[in-house]
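Trainee: Next comes my_file.pdb, PDB, C-alpha atoms, pLDDT in the B column:
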ATOM      1  CA  ILE A   1     -23.771 -12.237  -2.552  1.00 66.00           C
ATOM      2  CA  ASP A   2     -25.681 -11.179   0.542  1.00 72.00           C
ATOM      3  CA  PRO A   3     -24.663  -7.652   1.663  1.00 70.00           C
ATOM      4  CA  THR A   4     -26.184  -8.318   5.099  1.00 75.00           C
ATOM      5  CA  ALA A   5     -23.997 -11.361   5.721  1.00 74.00           C
ATOM      6  CA  PRO A   6     -21.186 -11.213   8.297  1.00 72.00           C
ATOM      7  CA  ARG A   7     -17.842  -9.972   6.965  1.00 71.00           C
ATOM      8  CA  PHE A   8     -19.406  -8.742   3.715  1.00 68.00           C
ATOM      9  CA  SER A   9     -17.285  -6.147   1.945  1.00 71.00           C
ATOM     10  CA  PRO A  10     -18.699  -3.833  -0.733  1.00 70.00           C
ATOM     11  CA  ASN A  11     -15.254  -3.927  -2.423  1.00 68.00           C
ATOM     12  CA  PHE A  12     -14.917  -0.298  -3.392  1.00 63.00           C
ATOM     13  CA  GLY A  13     -11.319   0.762  -3.910  1.00 59.00           C
ATOM     14  CA  PHE A  14     -10.111  -2.758  -4.738  1.00 68.00           C
ATOM     15  CA  GLU A  15      -7.808  -4.258  -2.083  1.00 83.00           C
ATOM     16  CA  ALA A  16      -7.423  -0.860  -0.367  1.00 89.00           C
ATOM     17  CA  GLY A  17     -11.068  -0.793   0.681  1.00 88.00           C
ATOM     18  CA  ILE A  18     -11.079  -4.375   1.926  1.00 90.00           C
ATOM     19  CA  GLN A  19      -7.820  -4.050   3.844  1.00 94.00           C
ATOM     20  CA  LEU A  20      -8.907  -0.813   5.489  1.00 95.00           C
ATOM     21  CA  GLN A  21     -12.321  -2.278   6.304  1.00 93.00           C
ATOM     22  CA  PHE A  22     -10.649  -5.182   8.100  1.00 95.00           C
ATOM     23  CA  ILE A  23      -8.576  -2.787  10.208  1.00 97.00           C
ATOM     24  CA  VAL A  24     -11.596  -0.617  11.031  1.00 96.00           C
ATOM     25  CA  ASP A  25     -13.808  -3.595  11.886  1.00 94.00           C
ATOM     26  CA  HIS A  26     -11.192  -5.317  14.051  1.00 96.00           C
ATOM     27  CA  TYR A  27      -9.099  -2.434  15.386  1.00 98.00           C
ATOM     28  CA  THR A  28      -9.675  -3.378  19.032  1.00 97.00           C
ATOM     29  CA  ASN A  29      -9.178  -7.133  18.549  1.00 97.00           C
ATOM     30  CA  LEU A  30      -6.595  -7.502  15.806  1.00 97.00           C
ATOM     31  CA  PRO A  31      -4.474 -10.661  15.687  1.00 97.00           C
ATOM     32  CA  ASN A  32      -0.815 -10.326  16.591  1.00 97.00           C
ATOM     33  CA  VAL A  33       0.076 -10.452  12.873  1.00 97.00           C
ATOM     34  CA  THR A  34      -2.206  -9.979   9.878  1.00 97.00           C
ATOM     35  CA  VAL A  35      -1.377 -11.033   6.330  1.00 97.00           C
ATOM     36  CA  PHE A  36      -3.076  -8.844   3.729  1.00 96.00           C
ATOM     37  CA  THR A  37      -3.358 -10.200   0.222  1.00 93.00           C
ATOM     38  CA  HIS A  38      -5.108  -9.989  -3.133  1.00 88.00           C
ATOM     39  CA  ALA A  39      -7.628 -12.565  -4.285  1.00 86.00           C
ATOM     40  CA  HIS A  40      -4.918 -14.316  -6.316  1.00 89.00           C
ATOM     41  CA  PRO A  41      -1.684 -13.674  -4.401  1.00 91.00           C
ATOM     42  CA  ALA A  42       0.517 -15.966  -6.463  1.00 91.00           C
ATOM     43  CA  GLU A  43       0.058 -13.704  -9.476  1.00 89.00           C
ATOM     44  CA  HIS A  44       2.353 -11.222  -7.742  1.00 88.00           C
ATOM     45  CA  ASN A  45       4.613 -13.723  -6.014  1.00 90.00           C
ATOM     46  CA  PRO A  46       4.593 -17.431  -6.962  1.00 91.00           C
ATOM     47  CA  HIS A  47       6.207 -18.190  -3.598  1.00 91.00           C
ATOM     48  CA  PHE A  48       3.601 -16.264  -1.606  1.00 93.00           C
ATOM     49  CA  PHE A  49       2.175 -19.113   0.480  1.00 94.00           C
ATOM     50  CA  ARG A  50       5.598 -20.571   1.187  1.00 93.00           C
ATOM     51  CA  TRP A  51       6.812 -17.182   2.385  1.00 92.00           C
ATOM     52  CA  VAL A  52       3.775 -16.828   4.644  1.00 95.00           C
ATOM     53  CA  SER A  53       4.536 -20.206   6.198  1.00 95.00           C
ATOM     54  CA  CYS A  54       8.036 -18.951   7.065  1.00 93.00           C
ATOM     55  CA  LEU A  55       7.192 -15.575   8.561  1.00 95.00           C
ATOM     56  CA  ASN A  56       8.805 -14.912  11.914  1.00 94.00           C
ATOM     57  CA  TYR A  57       5.539 -14.185  13.693  1.00 94.00           C
ATOM     58  CA  LYS A  58       7.312 -13.309  16.937  1.00 93.00           C
ATOM     59  CA  LYS A  59       9.386 -10.525  15.386  1.00 92.00           C
ATOM     60  CA  VAL A  60       7.805  -9.287  12.168  1.00 95.00           C
ATOM     61  CA  LYS A  61       6.557  -5.698  12.229  1.00 95.00           C
ATOM     62  CA  PHE A  62       5.914  -4.959   8.570  1.00 95.00           C
ATOM     63  CA  THR A  63       7.189  -6.726   5.497  1.00 93.00           C
ATOM     64  CA  SER A  64       6.089  -7.000   1.899  1.00 92.00           C
ATOM     65  CA  LEU A  65       5.249 -10.447   0.589  1.00 93.00           C
ATOM     66  CA  ASN A  66       6.014  -9.502  -3.006  1.00 90.00           C
ATOM     67  CA  ASN A  67       9.297  -9.139  -4.848  1.00 83.00           C
ATOM     68  CA  VAL A  68       8.628  -6.403  -7.394  1.00 87.00           C
ATOM     69  CA  PHE A  69      10.268  -3.152  -6.355  1.00 90.00           C
ATOM     70  CA  VAL A  70       9.221   0.146  -7.940  1.00 92.00           C
ATOM     71  CA  LYS A  71      11.814   2.911  -7.780  1.00 92.00           C
ATOM     72  CA  ASN A  72      11.142   6.651  -7.984  1.00 94.00           C
ATOM     73  CA  ARG A  73       7.521   6.641  -9.117  1.00 94.00           C
ATOM     74  CA  GLY A  74       5.970  10.062  -8.810  1.00 92.00           C
ATOM     75  CA  ASN A  75       2.304  10.933  -8.902  1.00 89.00           C
ATOM     76  CA  GLY A  76       3.283  13.074 -11.899  1.00 88.00           C
ATOM     77  CA  MET A  77       3.126   9.868 -13.946  1.00 89.00           C
ATOM     78  CA  TRP A  78      -0.662  10.226 -13.975  1.00 88.00           C
ATOM     79  CA  TRP A  79      -0.386  13.867 -15.005  1.00 84.00           C
ATOM     80  CA  ARG A  80       1.742  12.867 -17.988  1.00 86.00           C
ATOM     81  CA  GLU A  81      -0.012   9.664 -19.048  1.00 84.00           C
ATOM     82  CA  SER A  82      -3.705  10.119 -18.238  1.00 89.00           C
ATOM     83  CA  GLU A  83      -6.480  12.557 -17.448  1.00 90.00           C
ATOM     84  CA  TYR A  84      -6.459  11.531 -13.770  1.00 89.00           C
ATOM     85  CA  GLY A  85      -3.453  13.506 -12.547  1.00 91.00           C
ATOM     86  CA  GLY A  86      -5.439  15.821 -10.304  1.00 92.00           C
ATOM     87  CA  ILE A  87      -7.582  12.985  -8.924  1.00 92.00           C
ATOM     88  CA  THR A  88      -4.494  10.916  -8.120  1.00 93.00           C
ATOM     89  CA  GLU A  89      -2.488  13.685  -6.482  1.00 94.00           C
ATOM     90  CA  GLN A  90      -5.467  14.849  -4.424  1.00 95.00           C
ATOM     91  CA  CYS A  91      -6.128  11.352  -3.120  1.00 94.00           C
ATOM     92  CA  TRP A  92      -2.489  10.760  -2.216  1.00 96.00           C
ATOM     93  CA  ARG A  93      -2.442  14.053  -0.316  1.00 97.00           C
ATOM     94  CA  ASN A  94      -5.742  13.330   1.428  1.00 97.00           C
ATOM     95  CA  LEU A  95      -4.575   9.877   2.517  1.00 97.00           C
ATOM     96  CA  LEU A  96      -1.363  11.244   3.998  1.00 98.00           C
ATOM     97  CA  THR A  97      -3.335  13.970   5.766  1.00 97.00           C
ATOM     98  CA  ALA A  98      -5.667  11.395   7.350  1.00 97.00           C
ATOM     99  CA  PHE A  99      -2.625   9.907   9.088  1.00 98.00           C
ATOM    100  CA  ASP A 100      -1.062  13.275  10.038  1.00 98.00           C
ATOM    101  CA  LEU A 101       1.615  12.828   7.383  1.00 98.00           C
ATOM    102  CA  SER A 102       0.838  15.850   5.202  1.00 97.00           C
ATOM    103  CA  TYR A 103       4.303  17.231   5.962  1.00 97.00           C
ATOM    104  CA  LEU A 104       5.645  14.542   3.623  1.00 97.00           C
ATOM    105  CA  ALA A 105       3.852  16.218   0.707  1.00 96.00           C
ATOM    106  CA  PRO A 106       4.684  19.928   0.670  1.00 96.00           C
ATOM    107  CA  PRO A 107       2.504  22.066  -1.612  1.00 96.00           C
ATOM    108  CA  ASN A 108       3.534  22.290  -5.272  1.00 95.00           C
ATOM    109  CA  LYS A 109       6.030  19.448  -4.960  1.00 95.00           C
ATOM    110  CA  GLU A 110       5.587  16.102  -6.681  1.00 95.00           C
ATOM    111  CA  ILE A 111       5.143  13.129  -4.341  1.00 95.00           C
ATOM    112  CA  VAL A 112       7.705  10.485  -5.303  1.00 96.00           C
ATOM    113  CA  VAL A 113       7.813   6.994  -3.800  1.00 96.00           C
ATOM    114  CA  SER A 114       9.957   3.867  -3.951  1.00 95.00           C
ATOM    115  CA  PHE A 115       8.205   0.759  -2.638  1.00 94.00           C
ATOM    116  CA  THR A 116       7.645  -2.962  -3.009  1.00 91.00           C
ATOM    117  CA  CYS A 117       4.640  -3.228  -5.255  1.00 90.00           C
ATOM    118  CA  CYS A 118       1.122  -4.398  -4.968  1.00 89.00           C
ATOM    119  CA  ALA A 119      -0.184  -4.294  -1.391  1.00 91.00           C
ATOM    120  CA  GLN A 120       0.540  -7.805  -0.159  1.00 94.00           C
ATOM    121  CA  PHE A 121       2.221  -7.666   3.216  1.00 96.00           C
ATOM    122  CA  ALA A 122       2.352  -8.872   6.792  1.00 97.00           C
ATOM    123  CA  VAL A 123       1.959  -6.352   9.582  1.00 97.00           C
ATOM    124  CA  SER A 124       1.844  -6.657  13.344  1.00 98.00           C
ATOM    125  CA  ARG A 125      -0.963  -5.444  15.562  1.00 98.00           C
ATOM    126  CA  ALA A 126       1.449  -3.108  17.347  1.00 97.00           C
ATOM    127  CA  GLN A 127       2.432  -1.559  14.036  1.00 97.00           C
ATOM    128  CA  ILE A 128      -1.183  -1.020  12.963  1.00 98.00           C
ATOM    129  CA  ILE A 129      -2.317   0.642  16.189  1.00 98.00           C
ATOM    130  CA  ARG A 130       0.539   3.145  16.029  1.00 97.00           C
ATOM    131  CA  ASN A 131      -2.063   5.051  14.016  1.00 98.00           C
ATOM    132  CA  ALA A 132      -5.364   6.147  15.538  1.00 98.00           C
ATOM    133  CA  TYR A 133      -8.615   4.378  14.749  1.00 98.00           C
ATOM    134  CA  MET A 134     -10.022   7.633  13.390  1.00 98.00           C
ATOM    135  CA  SER A 135      -7.261   7.810  10.782  1.00 98.00           C
ATOM    136  CA  TYR A 136      -8.177   4.388   9.404  1.00 98.00           C
ATOM    137  CA  SER A 137     -11.854   5.271   9.544  1.00 97.00           C
ATOM    138  CA  MET A 138     -11.239   8.413   7.490  1.00 96.00           C
ATOM    139  CA  ALA A 139      -9.103   6.480   5.023  1.00 96.00           C
ATOM    140  CA  TYR A 140     -11.735   3.755   4.691  1.00 94.00           C
ATOM    141  CA  GLU A 141     -14.440   6.323   3.973  1.00 92.00           C
ATOM    142  CA  MET A 142     -12.251   7.834   1.239  1.00 92.00           C
ATOM    143  CA  LEU A 143     -11.059   4.595  -0.375  1.00 91.00           C
ATOM    144  CA  GLY A 144     -13.448   1.828   0.610  1.00 86.00           C
ATOM    145  CA  THR A 145     -16.998   3.166   0.464  1.00 82.00           C
ATOM    146  CA  ASN A 146     -19.257   4.485  -2.242  1.00 77.00           C
ATOM    147  CA  LYS A 147     -17.965   7.994  -1.643  1.00 83.00           C
ATOM    148  CA  SER A 148     -15.227   9.840  -3.475  1.00 88.00           C
ATOM    149  CA  CYS A 149     -11.730  10.322  -2.084  1.00 92.00           C
ATOM    150  CA  HIS A 150     -12.226  14.094  -2.074  1.00 93.00           C
ATOM    151  CA  LYS A 151     -15.264  16.271  -1.513  1.00 91.00           C
ATOM    152  CA  GLY A 152     -15.604  19.557  -3.313  1.00 89.00           C
ATOM    153  CA  PRO A 153     -13.246  21.241  -5.789  1.00 90.00           C
ATOM    154  CA  LEU A 154      -9.756  19.785  -6.144  1.00 93.00           C
ATOM    155  CA  GLU A 155      -7.059  21.817  -4.366  1.00 94.00           C
ATOM    156  CA  TRP A 156      -5.233  22.885  -7.497  1.00 92.00           C
ATOM    157  CA  ASP A 157      -3.155  25.487  -5.667  1.00 93.00           C
ATOM    158  CA  LYS A 158      -1.363  22.666  -3.777  1.00 94.00           C
ATOM    159  CA  PHE A 159      -0.576  20.458  -6.763  1.00 94.00           C
ATOM    160  CA  ALA A 160       2.774  19.965  -8.466  1.00 91.00           C
ATOM    161  CA  SER A 161       1.155  20.308 -11.903  1.00 85.00           C
ATOM    162  CA  ARG A 162      -1.715  22.167 -13.528  1.00 84.00           C
ATOM    163  CA  PRO A 163      -4.606  20.636 -15.482  1.00 87.00           C
ATOM    164  CA  LYS A 164      -4.233  20.055 -19.180  1.00 88.00           C
ATOM    165  CA  PRO A 165      -7.125  19.858 -21.643  1.00 90.00           C
ATOM    166  CA  GLY A 166      -9.262  16.810 -20.961  1.00 90.00           C
ATOM    167  CA  ASP A 167      -8.165  16.282 -17.354  1.00 89.00           C
ATOM    168  CA  LYS A 168     -10.805  15.278 -14.806  1.00 89.00           C
ATOM    169  CA  LEU A 169     -11.580  18.319 -12.684  1.00 87.00           C
ATOM    170  CA  GLU A 170     -13.741  16.762  -9.940  1.00 88.00           C
ATOM    171  CA  ASP A 171     -13.458  13.523  -7.998  1.00 88.00           C
ATOM    172  CA  SER A 172     -16.056  10.763  -8.170  1.00 86.00           C
ATOM    173  CA  VAL A 173     -16.520   7.235  -6.825  1.00 81.00           C
ATOM    174  CA  GLU A 174     -16.173   6.012 -10.412  1.00 83.00           C
ATOM    175  CA  PHE A 175     -12.443   6.756 -10.128  1.00 85.00           C
ATOM    176  CA  ARG A 176     -11.976   4.217  -7.321  1.00 84.00           C
ATOM    177  CA  LYS A 177      -9.122   2.529  -9.186  1.00 83.00           C
ATOM    178  CA  TYR A 178      -7.067   5.655  -8.613  1.00 85.00           C
ATOM    179  CA  HIS A 179      -8.286   5.937  -5.040  1.00 87.00           C
ATOM    180  CA  GLY A 180      -7.096   2.398  -4.328  1.00 87.00           C
ATOM    181  CA  GLY A 181      -3.761   3.230  -5.919  1.00 91.00           C
ATOM    182  CA  ALA A 182      -3.084   5.760  -3.171  1.00 93.00           C
ATOM    183  CA  TRP A 183      -3.046   2.949  -0.591  1.00 95.00           C
ATOM    184  CA  GLU A 184      -0.902   0.726  -2.808  1.00 94.00           C
ATOM    185  CA  HIS A 185       1.748   3.431  -3.136  1.00 95.00           C
ATOM    186  CA  LEU A 186       1.675   4.674   0.469  1.00 97.00           C
ATOM    187  CA  ASN A 187       0.956   1.719   2.783  1.00 97.00           C
ATOM    188  CA  HIS A 188       4.684   1.217   3.379  1.00 96.00           C
ATOM    189  CA  VAL A 189       4.731   4.711   4.895  1.00 97.00           C
ATOM    190  CA  ILE A 190       1.425   4.506   6.791  1.00 98.00           C
ATOM    191  CA  LEU A 191       1.749   0.987   8.193  1.00 97.00           C
ATOM    192  CA  GLY A 192       5.454   0.317   7.910  1.00 95.00           C
ATOM    193  CA  GLY A 193       6.715   3.672   9.116  1.00 96.00           C
ATOM    194  CA  ARG A 194       9.083   3.651   6.146  1.00 95.00           C
ATOM    195  CA  PRO A 195      10.234   6.714   4.207  1.00 96.00           C
ATOM    196  CA  LEU A 196       8.498   7.635   0.969  1.00 97.00           C
ATOM    197  CA  LEU A 197      11.649   6.539  -0.859  1.00 96.00           C
ATOM    198  CA  ASP A 198      12.050   3.068   0.595  1.00 93.00           C
ATOM    199  CA  LYS A 199      14.911   0.736  -0.317  1.00 88.00           C
ATOM    200  CA  PRO A 200      14.699  -2.587  -2.184  1.00 83.00           C
ATOM    201  CA  PRO A 201      14.404  -5.774  -0.137  1.00 75.00           C
ATOM    202  CA  ASN A 202      17.691  -6.708   1.499  1.00 69.00           C
ATOM    203  CA  THR A 203      19.081  -8.881   4.229  1.00 59.00           C
ATOM    204  CA  ALA A 204      18.240  -6.417   6.992  1.00 57.00           C
ATOM    205  CA  GLY A 205      14.703  -5.837   5.752  1.00 58.00           C
ATOM    206  CA  TYR A 206      13.718  -9.400   4.949  1.00 68.00           C
ATOM    207  CA  CYS A 207      15.766 -11.593   7.225  1.00 76.00           C
ATOM    208  CA  ALA A 208      16.669  -9.796  10.427  1.00 75.00           C
ATOM    209  CA  THR A 209      13.120  -9.670  11.755  1.00 82.00           C
ATOM    210  CA  SER A 210      10.643 -10.835   9.134  1.00 91.00           C
ATOM    211  CA  PHE A 211      11.412 -14.430   8.119  1.00 90.00           C
ATOM    212  CA  LEU A 212      12.741 -17.571   9.725  1.00 90.00           C
ATOM    213  CA  PRO A 213      16.007 -18.918   8.289  1.00 86.00           C
ATOM    214  CA  GLN A 214      15.950 -21.804   5.836  1.00 84.00           C
ATOM    215  CA  GLU A 215      17.470 -24.188   8.362  1.00 85.00           C
ATOM    216  CA  SER A 216      14.247 -23.959  10.384  1.00 87.00           C
ATOM    217  CA  CYS A 217      11.805 -23.234   7.543  1.00 90.00           C
ATOM    218  CA  ARG A 218      12.732 -24.690   4.190  1.00 88.00           C
ATOM    219  CA  SER A 219      10.647 -22.311   2.054  1.00 87.00           C
ATOM    220  CA  SER A 220      12.060 -19.134   3.584  1.00 87.00           C
ATOM    221  CA  PRO A 221      13.527 -16.477   1.279  1.00 84.00           C
ATOM    222  CA  CYS A 222      16.363 -16.237   3.827  1.00 82.00           C
ATOM    223  CA  ASP A 223      19.333 -18.548   4.189  1.00 71.00           C
ATOM    224  CA  ASN A 224      21.321 -18.313   7.429  1.00 59.00           C
ATOM    225  CA  GLY A 225      20.074 -14.794   8.034  1.00 50.00           C
ATOM    226  CA  ARG A 226      20.631 -13.609   4.468  1.00 54.00           C
ATOM    227  CA  MET A 227      18.487 -13.365   1.365  1.00 57.00           C
ATOM    228  CA  ASN A 228      19.206 -16.478  -0.639  1.00 54.00           C
ATOM    229  CA  ARG A 229      20.524 -16.224  -4.191  1.00 51.00           C
ATOM    230  CA  GLN A 230      17.238 -17.255  -5.759  1.00 48.00           C
ATOM    231  CA  GLN A 231      15.364 -14.503  -3.892  1.00 51.00           C
ATOM    232  CA  LYS A 232      17.939 -11.858  -4.807  1.00 47.00           C
ATOM    233  CA  ARG A 233      17.612 -12.811  -8.468  1.00 41.00           C
ATOM    234  CA  GLY A 234      13.833 -12.735  -8.106  1.00 46.00           C
ATOM    235  CA  VAL A 235      13.642  -9.087  -7.031  1.00 50.00           C
ATOM    236  CA  LEU A 236      12.386  -7.244 -10.092  1.00 53.00           C
ATOM    237  CA  LEU A 237      13.299  -3.563 -10.147  1.00 56.00           C
ATOM    238  CA  ILE A 238      11.049  -1.167 -12.035  1.00 55.00           C
ATOM    239  CA  ASN A 239      12.664   2.248 -12.415  1.00 54.00           C
ATOM    240  CA  SER A 240       9.929   4.775 -13.080  1.00 54.00           C
ATOM    241  CA  ARG A 241      12.289   7.575 -14.115  1.00 55.00           C
TER     242      ARG A 241
END
Starting from the coordinates I provided, produce the structure as structure tokens.

Mentor:
Amino acid sequence: IDPTAPRFSPNFGFEAGIQLQFIVDHYTNLPNVTVFTHAHPAEHNPHFFRWVSCLNYKKVKFTSLNNVFVKNRGNGMWWRESEYGGITEQCWRNLLTAFDLSYLAPPNKEIVVSFTCCAQFAVSRAQIIRNAYMSYSMAYEMLGTNKSCHKGPLEWDKFASRPKPGDKLEDSVEFRKYHGGAWEHLNHVILGGRPLLDKPPNTAGYCATSFLPQESCRSSPCDNGRMNRQQKRGVLLINSR
């Protein structure tokens, strides 16, 4: 791989770094709608390419292209289950701050989200540029380069939990998996303008503005303006609490 080649991405931060790099590189000439995906999108949604073919490109603002919904996942999960609790909470807070959304994460309160999993979505140019270029640039530096998400000591006084024996006490680029996770859990807020506790896919969310009906696009997850039965059955709910 030639790092000097056009459109080369260093691929720090997994899909978060690449998606943010695309926005930073093309902020002034974005297409009307951009589809962001993983390298193997069908692993998260076997109908991915069929859904993309049925997007309502004239109306879509932001919609997930996956069907796994995660309910009530707090950053405290990493405090309980790993040594990366402080790293994770700090990066979530820093990412929200970059987009002037720090008010969503009051000090000493766990950040809890409900969202459609796994950072595959379609988003309009108008929706992206609601946020300033500098915000994306800051986020890309934190999540998509060979720098850490946080510089200096972690801000323990702001966290919902305190370190336990063995916890990581300083951030490092080697923890980029957890940096990328901040984008995965918060892009619905940053790009979609959704609340932290979003709702599962429904007729209003999927069909009113995001997808063409089946009568005009056979592979659509919507049938006459409503989620079809197969799509409703396909929504997998993961309750994290």

Trainee: Between A:Gly144, A:Pro106, A:Pro3, A:Gly193, single out the one closest to Lys177 in chain A, counting all atoms listed in the file.

Mentor: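 Once distances to Lys177 in chain A are computed over all atoms listed in the file, the minimum belongs to A:Gly144.
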
Trainee: So how far away is CA of Lys58 in chain A from CA of Asn131 in chain A, in Å?

Mentor: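 That distance, rounded to one decimal, is 20.8 Å.
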
Trainee: Specify as a PDB file with C-alpha atoms, keeping the file's coordinate frame each residue included when the PyMOL selection byres ((chain A and resi 61) around 12) is applied to this file.

Mentor:
ATOM      1  CA  ASN A  32      -0.815 -10.326  16.591  1.00 97.00           C
ATOM      2  CA  VAL A  33       0.076 -10.452  12.873  1.00 97.00           C
ATOM      3  CA  THR A  34      -2.206  -9.979   9.878  1.00 97.00           C
ATOM      4  CA  VAL A  35      -1.377 -11.033   6.330  1.00 97.00           C
ATOM      5  CA  LEU A  55       7.192 -15.575   8.561  1.00 95.00           C
ATOM      6  CA  ASN A  56       8.805 -14.912  11.914  1.00 94.00           C
ATOM      7  CA  TYR A  57       5.539 -14.185  13.693  1.00 94.00           C
ATOM      8  CA  LYS A  58       7.312 -13.309  16.937  1.00 93.00           C
ATOM      9  CA  LYS A  59       9.386 -10.525  15.386  1.00 92.00           C
ATOM     10  CA  VAL A  60       7.805  -9.287  12.168  1.00 95.00           C
ATOM     11  CA  PHE A  62       5.914  -4.959   8.570  1.00 95.00           C
ATOM     12  CA  THR A  63       7.189  -6.726   5.497  1.00 93.00           C
ATOM     13  CA  SER A  64       6.089  -7.000   1.899  1.00 92.00           C
ATOM     14  CA  PHE A 121       2.221  -7.666   3.216  1.00 96.00           C
ATOM     15  CA  ALA A 122       2.352  -8.872   6.792  1.00 97.00           C
ATOM     16  CA  VAL A 123       1.959  -6.352   9.582  1.00 97.00           C
ATOM     17  CA  SER A 124       1.844  -6.657  13.344  1.00 98.00           C
ATOM     18  CA  ARG A 125      -0.963  -5.444  15.562  1.00 98.00           C
ATOM     19  CA  ALA A 126       1.449  -3.108  17.347  1.00 97.00           C
ATOM     20  CA  GLN A 127       2.432  -1.559  14.036  1.00 97.00           C
ATOM     21  CA  ILE A 128      -1.183  -1.020  12.963  1.00 98.00           C
ATOM     22  CA  ILE A 129      -2.317   0.642  16.189  1.00 98.00           C
ATOM     23  CA  ARG A 130       0.539   3.145  16.029  1.00 97.00           C
ATOM     24  CA  HIS A 188       4.684   1.217   3.379  1.00 96.00           C
ATOM     25  CA  LEU A 191       1.749   0.987   8.193  1.00 97.00           C
ATOM     26  CA  GLY A 192       5.454   0.317   7.910  1.00 95.00           C
ATOM     27  CA  GLY A 193       6.715   3.672   9.116  1.00 96.00           C
ATOM     28  CA  ARG A 194       9.083   3.651   6.146  1.00 95.00           C
ATOM     29  CA  GLY A 205      14.703  -5.837   5.752  1.00 58.00           C
ATOM     30  CA  TYR A 206      13.718  -9.400   4.949  1.00 68.00           C
ATOM     31  CA  ALA A 208      16.669  -9.796  10.427  1.00 75.00           C
ATOM     32  CA  THR A 209      13.120  -9.670  11.755  1.00 82.00           C
ATOM     33  CA  SER A 210      10.643 -10.835   9.134  1.00 91.00           C
ATOM     34  CA  PHE A 211      11.412 -14.430   8.119  1.00 90.00           C
TER      35      PHE A 211
END

Trainee: Could you jot down the CA of Tyr140 in chain A to CA of Val189 in chain A separation for me, Å, one decimal place?

Mentor: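 Result for CA of Tyr140 in chain A versus CA of Val189 in chain A: 16.5 Å, one decimal.
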
Trainee: Of the candidates A:Thr37, A:Asn94, A:Ser137, A:Ser114, which one gets nearest to Val52 in chain A if we count all atoms listed in the file?

Mentor: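 Closest to Val52 in chain A, using all atoms listed in the file: A:Thr37.
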
Trainee: Show me, as an NGL selection string, the residues that have an atom within 7 Å of Ala160 in chain A when counting all atoms listed in the file, minus same-chain residues fewer than 5 positions from it.

Mentor: :A and (108-110)

Trainee: Kindly indicate which residue among A:Leu104, A:Ala139, A:Leu169, A:Cys222 lies nearest to Pro153 in chain A, using all atoms listed in the file for the distances.

Mentor: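 Residue with the minimum atom-to-atom distance to Pro153 in chain A: A:Leu169.
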
Trainee: Here is a test: counting all atoms listed in the file, which residue of A:Pro213, A:Pro195, A:Gly17, A:Pro165 is nearest to Ala119 in chain A?

Mentor: A:Gly17

Trainee: Using the chain letters and numbers from this file, what does the PyMOL selection byres ((chain A and resi 146) around 9) select? Give the answer as an MDAnalysis selection string.

Mentor: chainID A and resid 10 12:13 141:145 147:148 173:174 176

Trainee: Which residues, written as a PDB file with C-alpha atoms, keeping the file's coordinate frame, have at least one atom at most 9 Å from Tyr133 in chain A, with all atoms listed in the file counted and residues fewer than 2 positions away on the same chain left out?

Mentor:
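Written file, around-v3.pdb:
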ATOM      1  CA  ILE A  23      -8.576  -2.787  10.208  1.00 97.00           C
ATOM      2  CA  VAL A  24     -11.596  -0.617  11.031  1.00 96.00           C
ATOM      3  CA  TYR A  27      -9.099  -2.434  15.386  1.00 98.00           C
ATOM      4  CA  THR A  28      -9.675  -3.378  19.032  1.00 97.00           C
ATOM      5  CA  ILE A 129      -2.317   0.642  16.189  1.00 98.00           C
ATOM      6  CA  ASN A 131      -2.063   5.051  14.016  1.00 98.00           C
ATOM      7  CA  SER A 135      -7.261   7.810  10.782  1.00 98.00           C
ATOM      8  CA  TYR A 136      -8.177   4.388   9.404  1.00 98.00           C
ATOM      9  CA  SER A 137     -11.854   5.271   9.544  1.00 97.00           C
ATOM     10  CA  MET A 138     -11.239   8.413   7.490  1.00 96.00           C
TER      11      MET A 138
END

Trainee: For a cut-off of 10 Å around (8.9, 3.1, 0.8), file coordinates, pick out all residues using all atoms listed in the file and list them as a list in words.

Mentor: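 Protein, DNA and RNA residues close to (8.9, 3.1, 0.8): Phe69, Val70, Lys71, Asn72, Val112, Val113, Ser114, Phe115, Thr116, Cys117, His185, Leu186, Asn187, His188, Val189, Ile190, Gly192, Gly193, Arg194, Pro195, Leu196, Leu197, Asp198, Lys199 and Pro200 of chain A.
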
Trainee: Go through A:Asn29, A:Phe22, A:Pro201, A:Thr88 and flag the residue nearest Asn66 in chain A, using only C-alpha atoms for the distances.

Mentor: A:Pro201

Trainee: Rounded to one decimal place, report the CA of Lys158 in chain A-CA of Pro107 in chain A distance in Å.

Mentor: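 So the answer is 4.5 Å.
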
Trainee: Please determine, counting all atoms listed in the file, which residue among A:Leu30, A:Ile87, A:Leu65, A:Cys207 has the shortest atom-to-atom distance to Asp171 in chain A.

Mentor: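 Closest to Asp171 in chain A, using all atoms listed in the file: A:Ile87.
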
Trainee: Select, counting all atoms listed in the file, all protein, DNA and RNA residues no farther than 9 Å from (0.5, -15.9, -0.4) in file coordinates, and express the selection as a VMD selection string.

Mentor: chain A and resid 35 to 38 40 to 42 44 to 53 65 to 66 120

Trainee: Would you write out those residues with C-alpha atoms, as a compact mmCIF listing (two decimals), in the coordinates of the input?

Mentor:
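selection.txt, written as the output of this step:
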# COMPACT_ATOMS: atom_id res chain seq x y z
CA VAL A 35 -1.38 -11.03 6.33
CA PHE A 36 -3.08 -8.84 3.73
CA THR A 37 -3.36 -10.20 0.22
CA HIS A 38 -5.11 -9.99 -3.13
CA HIS A 40 -4.92 -14.32 -6.32
CA PRO A 41 -1.68 -13.67 -4.40
CA ALA A 42 0.52 -15.97 -6.46
CA HIS A 44 2.35 -11.22 -7.74
CA ASN A 45 4.61 -13.72 -6.01
CA PRO A 46 4.59 -17.43 -6.96
CA HIS A 47 6.21 -18.19 -3.60
CA PHE A 48 3.60 -16.26 -1.61
CA PHE A 49 2.17 -19.11 0.48
CA ARG A 50 5.60 -20.57 1.19
CA TRP A 51 6.81 -17.18 2.38
CA VAL A 52 3.78 -16.83 4.64
CA SER A 53 4.54 -20.21 6.20
CA LEU A 65 5.25 -10.45 0.59
CA ASN A 66 6.01 -9.50 -3.01
CA GLN A 120 0.54 -7.80 -0.16
